[in-house]
Amino acid sequence: MFLIAGPCAIENRDMVFQTAETLKRVCADLGIQLYFKSSYDKANRTSNSQRGVGMEEGLRILQEVKEQFQLPILTDVHESWQCKPVAEVADVLQIPAFLSRQTDLLQAAAETGRIVNVKKGQFMAPWDMKGCIDKIVAVRGNSEHIWLTERGSSFGYGRLVVDMTSLVEMRKFGCPVVFDATHSVQQPSTQAGVTGGNRDMVPYLLRAALAVGVDGIFVEVHPQPEKAISDAANQLRLSEIKQILQEAKEYDILAKS
């Protein structure tokens with residue numbers, strides 16, 4: 001398996017570097033390929049909360065992480081015009097779940113030649129992701145370098161559930177499939193307009209997804225999750241990440257043997 005991990009939002013350089021350094025060391029010890037993830041702008045917030053440091057400063061910090069730690073970078077794009085400048089730094093452009101059907105955004109990301117990670121909308125069936133793939137293929141001519149990420153489905157108000165069969169369905173398209181464990185435990189807009197969650201459930205969902213069989217896992221990690229400006233309730237503690245990844249790798253090896 002490969003790993004996508006990092007803090008949800010770029011809050012400041014020191015926090016990002018602390019997280020990247022720890023993740024780099026842990027993944028080197030465990031023999032796991034790491035893609036460092038963090039967002040320069042949390043544009044799809046429920047309320048008018050803090051959004052991050054912005055694109056210019058965020059990309060500067062991510063470029064430093066890339067150079068100092070020799071890590072590939074993944075970050076979100078929200079508008080078509082962002083794809084080209086972001087691709088100068090990021091190795092993977094991520095399409096947020098709420099924007100997964102936006103044709104212009106998908107095709108602008110495809111034009112960069114970078115890997116495109118499309119997160120399945122909470123409102124979409126797994127087989128609907130074929131349309132996202134087709135939009136990218138219309139630009140590139142093939143389905144190489146497309147990842148599909150499961151992050152839970154809406155189940156009424158303020159609740160997400162994960163249908164593990166969606167992982168099987170999406171693998172039929174021949175693209176690497178990623179399971180996003182920390183966003184799958186979100187409880188949208190349950191805390192006075194702020195998203196809640198339950199990080200204690202993350203390891204259990206990870207085990208289930210790895211048992212089904214996925215190519216990569218996605219977890220957001222923070223040195224002090226309670227103080228995070230985004231996803232404070234579901235980000236994992238940096239101090240606990242090694243044990244969680246060690247167990248995840250064991251499940252991955254067992255499933256793929």
# chains A, B, ... in the order shown; residues from 1 in each chain; ligands from 1
call {"tool": "select_by_dssp", "arguments": {"residues": "region 21-187 of chain A", "states": "helix (DSSP H, G or I)", "output": "NGL selection string"}}
result
:A and (21-30 or 55-69 or 80-87 or 97-99 or 103-111 or 126-140 or 165-171 or 181-184)
call {"tool": "residues_around", "arguments": {"residues": "region 70-82 of chain A", "least_positions_apart": "2", "cutoff": "10 Å", "atoms": "only C-alpha atoms", "output": "compact mmCIF listing (two decimals) with C-alpha atoms, in the first residue's frame"}}
result
# COMPACT_ATOMS: atom_id res chain seq x y z
CA ILE A 4 -1.34 9.83 1.69
CA ALA A 5 -0.91 11.70 4.97
CA GLY A 6 -0.39 15.10 6.52
CA CYS A 8 -5.68 18.81 6.89
CA ALA A 9 -4.75 22.47 6.44
CA ALA A 20 6.41 15.88 7.55
CA LYS A 24 8.99 10.61 6.73
CA GLN A 33 5.65 5.01 0.18
CA LEU A 34 4.46 8.40 1.49
CA TYR A 35 2.72 11.21 -0.38
CA PHE A 36 2.64 14.27 1.87
CA LYS A 37 -0.75 15.98 1.88
CA SER A 38 -1.91 19.33 3.17
CA SER A 39 -4.29 21.99 1.86
CA TYR A 40 -3.42 25.65 1.32
CA ASP A 41 -7.10 26.61 1.28
CA LYS A 42 -10.13 24.90 2.81
CA ALA A 43 -12.59 26.47 0.42
CA ASN A 44 -15.57 24.17 1.07
CA MET A 55 -2.24 29.39 -2.33
CA GLY A 58 0.91 27.31 0.93
CA LEU A 59 2.71 26.29 -2.24
CA LEU A 62 4.90 22.60 0.24
CA GLN A 63 7.84 23.24 -2.09
CA GLU A 64 10.12 23.46 0.97
CA VAL A 65 8.73 20.17 2.29
CA LYS A 66 9.30 18.56 -1.10
CA GLU A 67 12.91 19.70 -1.28
CA GLN A 68 13.96 19.18 2.34
CA LYS A 84 -1.34 24.85 -13.63
CA PRO A 85 0.45 26.74 -10.81
CA VAL A 86 -0.28 23.99 -8.28
CA ALA A 87 1.13 21.36 -10.66
CA VAL A 89 4.81 21.97 -6.97
CA ALA A 90 2.41 19.07 -6.46
CA ASP A 91 2.93 15.59 -7.88
CA VAL A 92 -0.73 14.74 -7.34
CA LEU A 93 -3.68 17.11 -7.83
CA GLN A 94 -6.66 16.18 -5.68
CA ILE A 95 -10.23 16.89 -6.72
CA PRO A 96 -12.36 17.43 -3.58
CA PHE A 98 -17.87 18.09 -3.52
CA LEU A 99 -16.28 18.96 -6.89
CA GLN A 102 -16.94 19.43 -12.23
CA THR A 103 -15.92 18.79 -15.82
CA ASP A 104 -13.74 21.89 -16.32
CA LEU A 105 -11.83 21.22 -13.10
CA LEU A 106 -11.22 17.54 -13.92
CA GLN A 107 -10.00 18.36 -17.39
CA ALA A 108 -7.78 21.25 -16.27
CA ALA A 109 -6.15 18.89 -13.77
CA ILE A 115 -1.58 12.22 -11.17
CA VAL A 116 -5.21 13.19 -10.52
CA ASN A 117 -6.81 11.86 -7.33
CA VAL A 118 -10.59 12.13 -7.55
call {"tool": "closest_residue", "arguments": {"among": "A:Gln224, A:Lys256, A:Ala208, A:Cys175", "to": "Glu144 (chain A)", "atoms": "only C-alpha atoms"}}
result
A:Cys175
call {"tool": "residues_around", "arguments": {"residues": "Ala228 (chain A)", "least_positions_apart": "6", "cutoff": "10 Å", "atoms": "only C-alpha atoms", "output": "PDB file with all heavy atoms, in the first residue's frame"}}
result
ATOM      1  N   PRO A   7      -1.271  17.059   7.682  1.00  0.00           N
ATOM      2  CA  PRO A   7      -2.331  17.831   8.341  1.00  0.00           C
ATOM      3  C   PRO A   7      -3.374  18.302   7.342  1.00  0.00           C
ATOM      4  O   PRO A   7      -3.045  18.586   6.185  1.00  0.00           O
ATOM      5  CB  PRO A   7      -1.570  19.012   8.957  1.00  0.00           C
ATOM      6  CG  PRO A   7      -0.351  19.157   8.111  1.00  0.00           C
ATOM      7  CD  PRO A   7       0.007  17.776   7.645  1.00  0.00           C
ATOM      8  N   CYS A   8      -4.601  18.408   7.779  1.00  0.00           N
ATOM      9  CA  CYS A   8      -5.685  18.809   6.893  1.00  0.00           C
ATOM     10  C   CYS A   8      -5.367  20.134   6.200  1.00  0.00           C
ATOM     11  O   CYS A   8      -5.420  20.237   4.985  1.00  0.00           O
ATOM     12  CB  CYS A   8      -6.986  18.921   7.689  1.00  0.00           C
ATOM     13  SG  CYS A   8      -8.409  19.407   6.673  1.00  0.00           S
ATOM     14  N   ALA A   9      -5.022  21.144   6.979  1.00  0.00           N
ATOM     15  CA  ALA A   9      -4.748  22.475   6.442  1.00  0.00           C
ATOM     16  C   ALA A   9      -3.344  22.926   6.820  1.00  0.00           C
ATOM     17  O   ALA A   9      -2.830  22.571   7.883  1.00  0.00           O
ATOM     18  CB  ALA A   9      -5.773  23.480   6.960  1.00  0.00           C
ATOM     19  N   ILE A  10      -2.740  23.704   5.932  1.00  0.00           N
ATOM     20  CA  ILE A  10      -1.452  24.325   6.239  1.00  0.00           C
ATOM     21  C   ILE A  10      -1.731  25.513   7.162  1.00  0.00           C
ATOM     22  O   ILE A  10      -2.255  26.536   6.721  1.00  0.00           O
ATOM     23  CB  ILE A  10      -0.744  24.798   4.965  1.00  0.00           C
ATOM     24  CG1 ILE A  10      -0.494  23.609   4.026  1.00  0.00           C
ATOM     25  CG2 ILE A  10       0.566  25.494   5.292  1.00  0.00           C
ATOM     26  CD1 ILE A  10       0.038  24.009   2.657  1.00  0.00           C
ATOM     27  N   GLU A  11      -1.406  25.347   8.419  1.00  0.00           N
ATOM     28  CA  GLU A  11      -1.645  26.412   9.394  1.00  0.00           C
ATOM     29  C   GLU A  11      -0.425  27.313   9.554  1.00  0.00           C
ATOM     30  O   GLU A  11      -0.551  28.527   9.681  1.00  0.00           O
ATOM     31  CB  GLU A  11      -2.038  25.794  10.734  1.00  0.00           C
ATOM     32  CG  GLU A  11      -3.303  24.945  10.640  1.00  0.00           C
ATOM     33  CD  GLU A  11      -3.548  24.119  11.900  1.00  0.00           C
ATOM     34  OE1 GLU A  11      -2.902  24.409  12.926  1.00  0.00           O
ATOM     35  OE2 GLU A  11      -4.368  23.197  11.846  1.00  0.00           O
ATOM     36  N   GLN A  50     -11.665  29.497   9.574  1.00  0.00           N
ATOM     37  CA  GLN A  50     -10.338  29.696   9.017  1.00  0.00           C
ATOM     38  C   GLN A  50     -10.113  28.738   7.850  1.00  0.00           C
ATOM     39  O   GLN A  50     -10.488  27.579   7.902  1.00  0.00           O
ATOM     40  CB  GLN A  50      -9.270  29.446  10.087  1.00  0.00           C
ATOM     41  CG  GLN A  50      -9.320  30.404  11.263  1.00  0.00           C
ATOM     42  CD  GLN A  50      -8.198  30.126  12.239  1.00  0.00           C
ATOM     43  OE1 GLN A  50      -7.027  30.340  11.952  1.00  0.00           O
ATOM     44  NE2 GLN A  50      -8.560  29.646  13.420  1.00  0.00           N
ATOM     45  N   VAL A 221      -3.231  13.856   9.731  1.00  0.00           N
ATOM     46  CA  VAL A 221      -2.474  13.732  10.974  1.00  0.00           C
ATOM     47  C   VAL A 221      -2.059  15.113  11.445  1.00  0.00           C
ATOM     48  O   VAL A 221      -1.671  15.961  10.627  1.00  0.00           O
ATOM     49  CB  VAL A 221      -1.209  12.864  10.751  1.00  0.00           C
ATOM     50  CG1 VAL A 221      -0.524  12.575  12.073  1.00  0.00           C
ATOM     51  CG2 VAL A 221      -1.554  11.570  10.038  1.00  0.00           C
ATOM     52  N   HIS A 222      -2.113  15.326  12.753  1.00  0.00           N
ATOM     53  CA  HIS A 222      -1.794  16.648  13.311  1.00  0.00           C
ATOM     54  C   HIS A 222      -1.103  16.454  14.658  1.00  0.00           C
ATOM     55  O   HIS A 222      -1.479  15.561  15.425  1.00  0.00           O
ATOM     56  CB  HIS A 222      -3.086  17.455  13.492  1.00  0.00           C
ATOM     57  CG  HIS A 222      -2.898  18.919  13.714  1.00  0.00           C
ATOM     58  ND1 HIS A 222      -2.423  19.429  14.900  1.00  0.00           N
ATOM     59  CD2 HIS A 222      -3.131  19.986  12.906  1.00  0.00           C
ATOM     60  CE1 HIS A 222      -2.383  20.759  14.817  1.00  0.00           C
ATOM     61  NE2 HIS A 222      -2.787  21.114  13.612  1.00  0.00           N
ATOM     62  N   GLN A 235      -8.888  14.157  12.773  1.00  0.00           N
ATOM     63  CA  GLN A 235      -7.479  13.952  12.449  1.00  0.00           C
ATOM     64  C   GLN A 235      -6.815  13.072  13.513  1.00  0.00           C
ATOM     65  O   GLN A 235      -7.140  13.154  14.703  1.00  0.00           O
ATOM     66  CB  GLN A 235      -6.743  15.294  12.365  1.00  0.00           C
ATOM     67  CG  GLN A 235      -7.161  16.153  11.182  1.00  0.00           C
ATOM     68  CD  GLN A 235      -6.162  17.258  10.918  1.00  0.00           C
ATOM     69  OE1 GLN A 235      -5.047  17.015  10.474  1.00  0.00           O
ATOM     70  NE2 GLN A 235      -6.583  18.496  11.180  1.00  0.00           N
TER      71      GLN A 235
END
call {"tool": "select_by_dssp", "arguments": {"residues": "region 12-179 of chain A", "states": "strand (DSSP E or B)", "output": "compact mmCIF listing (two decimals) with all heavy atoms, in the first residue's frame"}}
result
# COMPACT_ATOMS: atom_id res chain seq x y z
N GLN A 33 5.53 3.85 1.07
CA GLN A 33 5.65 5.01 0.18
C GLN A 33 4.70 6.10 0.66
O GLN A 33 3.49 5.88 0.78
CB GLN A 33 5.29 4.62 -1.25
CG GLN A 33 5.14 5.79 -2.22
CD GLN A 33 6.43 6.54 -2.47
OE1 GLN A 33 7.43 5.95 -2.82
NE2 GLN A 33 6.41 7.85 -2.27
N LEU A 34 5.24 7.29 0.94
CA LEU A 34 4.46 8.40 1.49
C LEU A 34 4.28 9.51 0.47
O LEU A 34 5.24 9.94 -0.16
CB LEU A 34 5.16 8.96 2.73
CG LEU A 34 4.63 10.29 3.30
CD1 LEU A 34 3.20 10.13 3.82
CD2 LEU A 34 5.55 10.81 4.40
N TYR A 35 3.04 9.96 0.32
CA TYR A 35 2.72 11.21 -0.38
C TYR A 35 2.27 12.19 0.69
O TYR A 35 1.28 11.94 1.39
CB TYR A 35 1.59 10.99 -1.40
CG TYR A 35 2.00 10.16 -2.59
CD1 TYR A 35 2.02 8.77 -2.50
CD2 TYR A 35 2.38 10.75 -3.79
CE1 TYR A 35 2.39 7.98 -3.58
CE2 TYR A 35 2.76 9.98 -4.88
CZ TYR A 35 2.76 8.60 -4.77
OH TYR A 35 3.15 7.83 -5.84
N PHE A 36 2.98 13.31 0.82
CA PHE A 36 2.64 14.27 1.87
C PHE A 36 1.49 15.14 1.39
O PHE A 36 1.54 15.74 0.31
CB PHE A 36 3.84 15.14 2.23
CG PHE A 36 3.57 16.06 3.38
CD1 PHE A 36 3.59 15.59 4.69
CD2 PHE A 36 3.25 17.39 3.16
CE1 PHE A 36 3.31 16.44 5.75
CE2 PHE A 36 2.97 18.25 4.22
CZ PHE A 36 3.01 17.76 5.52
N LYS A 37 0.46 15.24 2.23
CA LYS A 37 -0.75 15.98 1.88
C LYS A 37 -1.03 17.10 2.87
O LYS A 37 -1.02 16.88 4.09
CB LYS A 37 -1.95 15.03 1.83
CG LYS A 37 -3.27 15.70 1.43
CD LYS A 37 -4.06 16.24 2.59
CE LYS A 37 -5.23 17.09 2.07
NZ LYS A 37 -5.96 17.74 3.19
N SER A 39 -3.53 21.07 2.71
CA SER A 39 -4.29 21.99 1.86
C SER A 39 -3.95 23.44 2.18
O SER A 39 -3.93 23.84 3.34
CB SER A 39 -5.79 21.77 2.05
OG SER A 39 -6.15 20.44 1.72
N ILE A 73 4.31 15.42 -3.29
CA ILE A 73 3.29 16.27 -2.66
C ILE A 73 1.94 16.06 -3.31
O ILE A 73 1.82 15.94 -4.53
CB ILE A 73 3.69 17.76 -2.80
CG1 ILE A 73 5.03 18.04 -2.11
CG2 ILE A 73 2.59 18.68 -2.28
CD1 ILE A 73 5.01 17.85 -0.61
N LEU A 74 0.90 16.02 -2.46
CA LEU A 74 -0.49 16.00 -2.91
C LEU A 74 -1.22 17.16 -2.26
O LEU A 74 -1.09 17.38 -1.05
CB LEU A 74 -1.15 14.67 -2.54
CG LEU A 74 -2.63 14.48 -2.90
CD1 LEU A 74 -2.92 13.00 -3.20
CD2 LEU A 74 -3.59 14.97 -1.82
N THR A 75 -1.98 17.90 -3.05
CA THR A 75 -2.81 18.96 -2.48
C THR A 75 -4.04 19.17 -3.35
O THR A 75 -4.11 18.71 -4.49
CB THR A 75 -2.02 20.27 -2.31
OG1 THR A 75 -2.73 21.15 -1.42
CG2 THR A 75 -1.77 20.97 -3.63
N ASP A 76 -5.04 19.87 -2.79
CA ASP A 76 -6.33 20.07 -3.47
C ASP A 76 -6.27 21.23 -4.45
O ASP A 76 -5.53 22.20 -4.26
CB ASP A 76 -7.43 20.41 -2.45
CG ASP A 76 -7.49 19.44 -1.30
OD1 ASP A 76 -8.18 18.43 -1.43
OD2 ASP A 76 -6.87 19.71 -0.26
N VAL A 92 0.64 15.25 -7.23
CA VAL A 92 -0.73 14.74 -7.34
C VAL A 92 -1.69 15.89 -7.09
O VAL A 92 -1.59 16.58 -6.07
CB VAL A 92 -1.01 13.61 -6.33
CG1 VAL A 92 -2.40 13.02 -6.55
CG2 VAL A 92 0.05 12.53 -6.39
N LEU A 93 -2.63 16.12 -8.02
CA LEU A 93 -3.68 17.11 -7.83
C LEU A 93 -4.93 16.38 -7.35
O LEU A 93 -5.38 15.42 -7.98
CB LEU A 93 -3.99 17.86 -9.12
CG LEU A 93 -2.84 18.60 -9.80
CD1 LEU A 93 -3.37 19.43 -10.96
CD2 LEU A 93 -2.09 19.47 -8.82
N GLN A 94 -5.48 16.84 -6.25
CA GLN A 94 -6.66 16.18 -5.68
C GLN A 94 -7.92 16.98 -5.96
O GLN A 94 -7.96 18.18 -5.72
CB GLN A 94 -6.48 16.02 -4.17
CG GLN A 94 -7.67 15.34 -3.48
CD GLN A 94 -7.33 14.90 -2.09
OE1 GLN A 94 -6.74 13.84 -1.89
NE2 GLN A 94 -7.67 15.71 -1.10
N ILE A 95 -8.93 16.29 -6.47
CA ILE A 95 -10.23 16.89 -6.72
C ILE A 95 -11.12 16.62 -5.51
O ILE A 95 -11.41 15.46 -5.20
CB ILE A 95 -10.90 16.30 -7.99
CG1 ILE A 95 -9.95 16.35 -9.19
CG2 ILE A 95 -12.20 17.03 -8.27
CD1 ILE A 95 -9.50 17.73 -9.59
N ILE A 115 -0.59 13.17 -11.67
CA ILE A 115 -1.58 12.22 -11.17
C ILE A 115 -2.79 13.02 -10.69
O ILE A 115 -2.64 14.08 -10.06
CB ILE A 115 -1.02 11.39 -10.00
CG1 ILE A 115 0.17 10.55 -10.47
CG2 ILE A 115 -2.10 10.49 -9.39
CD1 ILE A 115 0.94 9.90 -9.33
N VAL A 116 -3.98 12.55 -10.98
CA VAL A 116 -5.21 13.19 -10.52
C VAL A 116 -5.91 12.23 -9.57
O VAL A 116 -6.27 11.11 -9.96
CB VAL A 116 -6.14 13.57 -11.69
CG1 VAL A 116 -7.40 14.24 -11.15
CG2 VAL A 116 -5.43 14.49 -12.67
N ASN A 117 -6.09 12.66 -8.32
CA ASN A 117 -6.81 11.86 -7.33
C ASN A 117 -8.21 12.42 -7.17
O ASN A 117 -8.38 13.54 -6.67
CB ASN A 117 -6.08 11.90 -5.98
CG ASN A 117 -6.79 11.05 -4.93
OD1 ASN A 117 -7.34 10.01 -5.24
ND2 ASN A 117 -6.77 11.51 -3.68
N VAL A 118 -9.20 11.67 -7.62
CA VAL A 118 -10.59 12.13 -7.55
C VAL A 118 -11.27 11.50 -6.34
O VAL A 118 -11.37 10.26 -6.26
CB VAL A 118 -11.37 11.76 -8.83
CG1 VAL A 118 -12.76 12.42 -8.80
CG2 VAL A 118 -10.60 12.17 -10.08
N LYS A 119 -11.72 12.32 -5.41
CA LYS A 119 -12.43 11.81 -4.25
C LYS A 119 -13.91 11.66 -4.61
O LYS A 119 -14.53 12.59 -5.13
CB LYS A 119 -12.27 12.77 -3.06
CG LYS A 119 -10.81 12.98 -2.69
CD LYS A 119 -10.65 13.75 -1.39
CE LYS A 119 -10.85 12.82 -0.21
NZ LYS A 119 -10.52 13.51 1.07
N ILE A 146 -4.64 8.02 -12.78
CA ILE A 146 -5.89 8.45 -12.14
C ILE A 146 -6.09 7.59 -10.90
O ILE A 146 -6.03 6.36 -10.98
CB ILE A 146 -7.11 8.28 -13.07
CG1 ILE A 146 -6.93 9.07 -14.37
CG2 ILE A 146 -8.39 8.73 -12.36
CD1 ILE A 146 -8.01 8.80 -15.40
N TRP A 147 -6.30 8.24 -9.76
CA TRP A 147 -6.63 7.53 -8.54
C TRP A 147 -8.07 7.86 -8.17
O TRP A 147 -8.56 8.98 -8.42
CB TRP A 147 -5.73 7.97 -7.37
CG TRP A 147 -4.28 7.68 -7.55
CD1 TRP A 147 -3.67 6.93 -8.51
CD2 TRP A 147 -3.22 8.17 -6.71
NE1 TRP A 147 -2.32 6.91 -8.33
CE2 TRP A 147 -2.00 7.67 -7.24
CE3 TRP A 147 -3.18 8.98 -5.57
CZ2 TRP A 147 -0.77 7.95 -6.65
CZ3 TRP A 147 -1.95 9.27 -5.00
CH2 TRP A 147 -0.76 8.75 -5.53
N LEU A 148 -8.74 6.91 -7.53
CA LEU A 148 -10.12 7.10 -7.04
C LEU A 148 -10.12 6.88 -5.53
O LEU A 148 -9.61 5.88 -5.05
CB LEU A 148 -11.07 6.11 -7.72
CG LEU A 148 -11.07 6.09 -9.25
CD1 LEU A 148 -12.01 5.01 -9.76
CD2 LEU A 148 -11.46 7.45 -9.81
N THR A 149 -10.72 7.82 -4.81
CA THR A 149 -10.70 7.75 -3.35
C THR A 149 -12.11 7.69 -2.77
O THR A 149 -12.96 8.53 -3.08
CB THR A 149 -9.95 8.96 -2.76
OG1 THR A 149 -8.59 8.90 -3.15
CG2 THR A 149 -10.03 8.97 -1.24
N GLU A 150 -12.33 6.70 -1.92
CA GLU A 150 -13.58 6.55 -1.17
C GLU A 150 -13.45 7.31 0.15
O GLU A 150 -12.46 7.16 0.86
CB GLU A 150 -13.84 5.07 -0.90
CG GLU A 150 -14.98 4.78 0.07
CD GLU A 150 -16.31 5.29 -0.44
OE1 GLU A 150 -16.77 4.79 -1.47
OE2 GLU A 150 -16.88 6.20 0.22
N SER A 153 -20.19 7.95 2.43
CA SER A 153 -21.40 8.43 1.76
C SER A 153 -22.36 9.04 2.76
O SER A 153 -22.45 8.60 3.92
CB SER A 153 -22.10 7.26 1.04
OG SER A 153 -21.25 6.69 0.07
N SER A 154 -23.08 10.05 2.33
CA SER A 154 -24.05 10.73 3.21
C SER A 154 -25.13 9.75 3.64
O SER A 154 -25.68 9.00 2.82
CB SER A 154 -24.68 11.92 2.50
OG SER A 154 -23.70 12.89 2.19
N LEU A 160 -21.94 10.01 8.02
CA LEU A 160 -21.41 9.31 6.86
C LEU A 160 -21.30 7.83 7.18
O LEU A 160 -21.08 7.46 8.34
CB LEU A 160 -20.01 9.84 6.50
CG LEU A 160 -19.88 11.29 6.06
CD1 LEU A 160 -18.41 11.66 5.91
CD2 LEU A 160 -20.62 11.53 4.76
N VAL A 161 -21.47 7.01 6.18
CA VAL A 161 -21.22 5.58 6.32
C VAL A 161 -20.32 5.15 5.17
O VAL A 161 -20.26 5.80 4.13
CB VAL A 161 -22.52 4.75 6.31
CG1 VAL A 161 -23.39 5.09 7.49
CG2 VAL A 161 -23.27 4.94 5.00
N VAL A 177 -7.18 2.44 -6.17
CA VAL A 177 -8.25 2.88 -5.27
C VAL A 177 -7.66 3.16 -3.89
O VAL A 177 -6.89 2.37 -3.35
CB VAL A 177 -9.36 1.82 -5.17
CG1 VAL A 177 -10.36 2.18 -4.07
CG2 VAL A 177 -10.08 1.71 -6.51
N VAL A 178 -8.04 4.31 -3.35
CA VAL A 178 -7.56 4.77 -2.05
C VAL A 178 -8.72 4.83 -1.07
O VAL A 178 -9.84 5.20 -1.46
CB VAL A 178 -6.92 6.18 -2.18
CG1 VAL A 178 -6.43 6.70 -0.84
CG2 VAL A 178 -5.78 6.16 -3.20
N PHE A 179 -8.46 4.49 0.17
CA PHE A 179 -9.48 4.65 1.21
C PHE A 179 -9.09 5.78 2.14
O PHE A 179 -8.02 5.76 2.75
CB PHE A 179 -9.68 3.37 2.02
CG PHE A 179 -10.68 3.55 3.14
CD1 PHE A 179 -11.99 3.88 2.85
CD2 PHE A 179 -10.31 3.40 4.46
CE1 PHE A 179 -12.92 4.07 3.87
CE2 PHE A 179 -11.23 3.59 5.49
CZ PHE A 179 -12.54 3.92 5.19
call {"tool": "atom_distance", "arguments": {"atom1": "CA of Cys83 (chain A)", "atom2": "CA of Val185 (chain A)"}}
result
28.4 Å
